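Next comes my_file-v7.cif, with mmCIF, C-alpha atoms.
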```
data_structure
loop_
_atom_site.label_atom_id
_atom_site.label_comp_id
_atom_site.auth_asym_id
_atom_site.auth_seq_id
_atom_site.Cartn_x
_atom_site.Cartn_y
_atom_site.Cartn_z
CA MET A 1 32.03 -44.25 26.29
CA SER A 2 33.75 -41.41 28.11
CA ARG A 3 35.33 -38.90 25.78
CA VAL A 4 37.13 -37.30 28.73
CA GLY A 5 38.44 -40.57 30.18
CA LYS A 6 39.99 -41.75 26.91
CA ASN A 7 42.44 -38.85 26.75
CA PRO A 8 45.78 -39.37 28.49
CA VAL A 9 46.93 -36.72 30.98
CA PRO A 10 50.27 -35.15 29.94
CA ILE A 11 52.88 -34.66 32.66
CA PRO A 12 54.55 -31.22 32.33
CA ALA A 13 58.28 -30.75 32.84
CA GLY A 14 59.18 -30.26 36.50
CA VAL A 15 56.41 -32.52 37.83
CA THR A 16 57.01 -36.04 39.08
CA VAL A 17 54.07 -38.44 39.23
CA ASP A 18 54.12 -41.70 41.20
CA VAL A 19 51.40 -44.31 40.76
CA ALA A 20 51.34 -47.04 43.43
CA GLY A 21 48.23 -49.17 43.20
CA GLN A 22 45.26 -46.85 43.67
CA MET A 23 47.34 -43.94 45.04
CA VAL A 24 48.47 -41.18 42.69
CA LYS A 25 51.03 -38.64 43.93
CA ALA A 26 52.18 -35.54 42.08
CA LYS A 27 55.05 -33.33 43.19
CA GLY A 28 55.87 -30.00 41.57
CA LYS A 29 56.92 -26.45 42.33
CA LYS A 30 53.55 -25.58 43.96
CA GLY A 31 53.57 -28.52 46.34
CA GLU A 32 52.88 -32.21 46.71
CA LEU A 33 49.37 -33.63 46.28
CA SER A 34 48.00 -37.15 46.46
CA MET A 35 44.67 -38.86 45.94
CA ARG A 36 43.18 -42.32 46.02
CA VAL A 37 41.43 -43.48 42.85
CA ALA A 38 38.35 -45.73 43.06
CA ASP A 39 38.93 -49.50 42.86
CA GLU A 40 37.00 -49.76 39.56
CA ILE A 41 39.59 -47.55 37.83
CA ALA A 42 43.16 -48.45 36.81
CA VAL A 43 45.76 -45.68 36.60
CA ALA A 44 49.11 -46.19 34.87
CA LYS A 45 52.07 -43.93 34.14
CA GLU A 46 53.38 -44.49 30.63
CA GLY A 47 56.36 -42.28 29.83
CA SER A 48 55.31 -38.64 30.07
CA VAL A 49 51.55 -39.31 30.26
CA VAL A 50 49.16 -40.84 32.78
CA THR A 51 46.38 -43.05 31.42
CA VAL A 52 43.13 -43.83 33.21
CA LYS A 53 41.17 -46.96 32.25
CA MET A 54 38.22 -48.96 33.53
CA ARG A 55 39.06 -52.36 35.03
CA GLU A 56 35.72 -53.78 33.87
CA ASP A 57 32.77 -52.33 31.99
CA THR A 58 30.16 -51.70 34.67
CA LYS A 59 27.86 -48.74 35.15
CA ARG A 60 29.79 -47.51 38.21
CA SER A 61 33.15 -47.74 36.47
CA ARG A 62 31.80 -45.84 33.45
CA VAL A 63 30.55 -43.13 35.82
CA LEU A 64 33.92 -42.86 37.61
CA TRP A 65 36.14 -43.06 34.52
CA GLY A 66 35.93 -39.46 33.31
CA THR A 67 35.73 -38.12 36.87
CA SER A 68 38.90 -39.94 37.89
CA ARG A 69 40.76 -38.68 34.83
CA ALA A 70 39.69 -35.09 35.59
CA LEU A 71 40.78 -35.44 39.24
CA VAL A 72 44.20 -36.79 38.18
CA ARG A 73 44.56 -33.87 35.74
CA ASN A 74 43.64 -31.38 38.50
CA LEU A 75 46.21 -33.04 40.77
CA ILE A 76 49.01 -32.68 38.20
CA GLN A 77 48.06 -29.13 37.20
CA GLY A 78 47.77 -28.07 40.84
CA ALA A 79 51.27 -29.36 41.61
CA HIS A 80 52.64 -27.60 38.52
CA GLU A 81 50.78 -24.25 38.31
CA GLY A 82 48.30 -24.12 41.18
CA TYR A 83 44.83 -22.58 41.11
CA THR A 84 43.59 -19.07 41.76
CA VAL A 85 40.08 -17.71 42.43
CA ASN A 86 39.43 -13.97 42.52
CA LEU A 87 36.62 -12.39 44.51
CA GLU A 88 35.28 -8.84 44.26
CA ILE A 89 33.61 -6.88 47.06
CA GLU A 90 30.93 -4.31 46.23
CA GLY A 91 29.24 -1.99 48.69
CA VAL A 92 29.92 1.23 50.55
CA GLY A 93 32.31 0.55 53.43
CA TYR A 94 32.85 -3.11 52.43
CA ARG A 95 36.54 -4.01 52.41
CA ALA A 96 39.04 -6.75 53.13
CA ALA A 97 42.58 -6.92 54.50
CA ALA A 98 44.74 -10.04 54.69
CA ASP A 99 47.60 -10.67 57.08
CA ALA A 100 49.60 -13.86 57.71
CA LYS A 101 46.98 -15.71 59.74
CA ALA A 102 43.55 -14.27 58.97
CA LEU A 103 41.46 -12.37 56.47
CA LYS A 104 39.70 -9.36 58.03
CA LEU A 105 36.42 -8.47 56.36
CA GLN A 106 34.22 -5.45 56.96
CA LEU A 107 30.89 -6.37 55.40
CA GLY A 108 28.36 -3.99 56.90
CA PHE A 109 27.90 -5.96 60.10
CA SER A 110 28.31 -4.35 63.52
CA HIS A 111 31.60 -6.25 63.88
CA GLU A 112 34.61 -7.19 61.78
CA VAL A 113 34.56 -10.75 60.42
CA LEU A 114 37.79 -12.75 60.82
CA TYR A 115 38.37 -15.72 58.51
CA PRO A 116 41.37 -17.89 59.53
CA ILE A 117 43.51 -18.80 56.51
CA PRO A 118 43.80 -22.61 56.15
CA VAL A 119 47.14 -24.36 55.68
CA GLY A 120 48.11 -24.65 52.00
CA ILE A 121 46.03 -21.62 50.95
CA ALA A 122 47.40 -18.14 50.26
CA ILE A 123 45.09 -15.12 50.41
CA LYS A 124 46.15 -11.70 49.11
CA THR A 125 44.26 -8.43 48.87
CA PRO A 126 45.76 -6.34 46.04
CA LYS A 127 43.03 -3.73 46.62
CA PRO A 128 40.66 -3.40 49.59
CA THR A 129 37.81 -4.59 47.33
CA GLU A 130 39.62 -7.57 45.76
CA ILE A 131 40.54 -10.93 47.29
CA GLU A 132 42.89 -13.39 45.55
CA ILE A 133 42.80 -16.97 46.84
CA SER A 134 45.47 -19.37 45.56
CA GLY A 135 46.76 -22.83 46.33
CA ALA A 136 47.69 -26.18 44.83
CA ASP A 137 44.50 -28.12 45.65
CA ARG A 138 41.64 -27.05 43.37
CA GLN A 139 38.91 -28.33 45.68
CA ARG A 140 40.26 -26.49 48.75
CA VAL A 141 40.75 -23.23 46.86
CA GLY A 142 37.16 -23.38 45.59
CA GLN A 143 35.83 -24.31 49.04
CA VAL A 144 37.61 -21.38 50.73
CA ALA A 145 36.30 -19.01 48.03
CA ALA A 146 32.75 -20.32 48.51
CA GLU A 147 32.99 -19.92 52.30
CA ILE A 148 34.21 -16.32 52.01
CA ARG A 149 31.51 -15.52 49.41
CA GLY A 150 28.91 -17.09 51.72
CA MET A 151 29.61 -14.55 54.44
CA ARG A 152 27.84 -11.86 52.38
CA PRO A 153 26.55 -13.18 49.03
CA PRO A 154 25.60 -10.50 46.48
CA GLU A 155 22.04 -9.28 46.87
CA PRO A 156 19.86 -8.80 43.77
CA TYR A 157 18.73 -5.19 44.27
CA LYS A 158 21.96 -3.20 44.51
CA GLY A 159 24.50 -5.99 43.92
CA LYS A 160 26.19 -5.41 47.30
CA GLY A 161 28.24 -8.27 48.69
CA ILE A 162 31.08 -10.60 47.76
CA LYS A 163 31.03 -12.13 44.26
CA TYR A 164 33.36 -14.09 42.04
CA ALA A 165 35.34 -11.98 39.57
CA GLY A 166 33.36 -11.87 36.33
CA GLU A 167 30.18 -13.24 37.95
CA HIS A 168 26.99 -11.66 36.61
CA ILE A 169 24.37 -10.92 39.25
CA LEU A 170 20.76 -10.97 38.08
CA ARG A 171 19.34 -7.70 39.27
CA LYS A 172 15.75 -7.12 40.35
CA GLU A 173 13.76 -3.98 39.90
CA GLY A 174 12.98 -2.08 43.08
CA LYS A 175 9.43 -1.38 44.26
CA LYS A 176 7.43 1.24 42.39
CA LYS A 177 5.41 4.12 43.80
#
```
Show this structure as structure tokens.
Amino acid sequence: MSRVGKNPVPIPAGVTVDVAGQMVKAKGKKGELSMRVADEIAVAKEGSVVTVKMREDTKRSRVLWGTSRALVRNLIQGAHEGYTVNLEIEGVGYRAAADAKALKLQLGFSHEVLYPIPVGIAIKTPKPTEIEISGADRQRVGQVAAEIRGMRPPEPYKGKGIKYAGEHILRKEGKKK
């Protein structure tokens, strides 16, 4: 029995949710998002909450129940508040600068790395060593952050590279004489 799936998803003020068959749409101040729920799952809007239930008790529907509820919650929260991921850059000469169309990264390569900013994602650089990625879709924000981090992941000896804010890097001891 899913403890996550049993809980109804509250709809905050300012967000409208439409459920039409297997399609769930949420519209709020951060944007409009939609998703298709698996056929084994039934979604219903009841007043100011959205409930997610299994149509029949099969192994696949039990697996998808909690996942579908979490995805619906992410959809509603993304339309209402949005999501933000912060990255930190460590290393001498490593820096970032964002303009309207691309993120320019200097990561110790012989050239500057340009990352085009996808539609629906906002990237800001409050400091040259900080990157703030925000948007309504949680999956896309996380994917963009992972792609940027993947350009120069933190190395274990000096910790140089791009890391998530608050991420702890396991450090290795250098070679001994």
Q | Result set, the PyMOL selection byres ((chain A and resi 28) around 12) on current file, as a list in words | A | Ile11, Pro12, Ala13, Gly14, Val15, Thr16, Val17, Asp18, Lys25, Ala26, Lys27, Lys29, Lys30, Gly31, Glu32, Leu33, Ser34, Leu75, Ile76, Gln77, Gly78, Ala79, His80, Glu81, Gly82 and Ala136 of chain A
Q. Hey, what comes out of the PyMOL selection byres ((chain A and resi 49) around 6) on this file? Could you write it as an NGL selection string?
A. :A and (9-11 or 46-48 or 50)
Q.
Taking the file as I've supplied it (selection: the PyMOL selection byres ((chain A and resi 62) around 12)), which residues are included? Please answer as a ChimeraX atom specification.
A. /A:1-6,38,40-41,52-61,63-69
Go ahead and dump the residues you just picked, C-alpha atoms, as a compact mmCIF listing (two decimals), in the coordinates of the input.
```
# COMPACT_ATOMS: atom_id res chain seq x y z
CA MET A 1 32.03 -44.25 26.29
CA SER A 2 33.75 -41.41 28.11
CA ARG A 3 35.33 -38.90 25.78
CA VAL A 4 37.13 -37.30 28.73
CA GLY A 5 38.44 -40.57 30.18
CA LYS A 6 39.99 -41.75 26.91
CA ALA A 38 38.35 -45.73 43.06
CA GLU A 40 37.00 -49.76 39.56
CA ILE A 41 39.59 -47.55 37.83
CA VAL A 52 43.13 -43.83 33.21
CA LYS A 53 41.17 -46.96 32.25
CA MET A 54 38.22 -48.96 33.53
CA ARG A 55 39.06 -52.36 35.03
CA GLU A 56 35.72 -53.78 33.87
CA ASP A 57 32.77 -52.33 31.99
CA THR A 58 30.16 -51.70 34.67
CA LYS A 59 27.86 -48.74 35.15
CA ARG A 60 29.79 -47.51 38.21
CA SER A 61 33.15 -47.74 36.47
CA VAL A 63 30.55 -43.13 35.82
CA LEU A 64 33.92 -42.86 37.61
CA TRP A 65 36.14 -43.06 34.52
CA GLY A 66 35.93 -39.46 33.31
CA THR A 67 35.73 -38.12 36.87
CA SER A 68 38.90 -39.94 37.89
CA ARG A 69 40.76 -38.68 34.83
```
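Picture a line from atom CA of Val43 of chain A to atom CA of Asn7 of chain A; it runs 12.4 Å.
Non-sequential neighbours of Glu155 of chain A (distance at most 10 Å, separation of 6 or more positions within a chain, only C-alpha atoms) are A:Gly161, A:Ile162, A:Lys163, A:Ile169, A:Leu170, A:Arg171, A:Lys172.
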Please put the answer as AutoDock Vina command-line options: centre and edge lengths, in Å with one decimal, of a box along x, y and z that encloses all listed atoms of segment 137-140 of chain A plus 5 Å on each side.
```
--center_x 41.7 --center_y -27.4 --center_z 46.1 --size_x 15.6 --size_y 11.8 --size_z 15.4
```
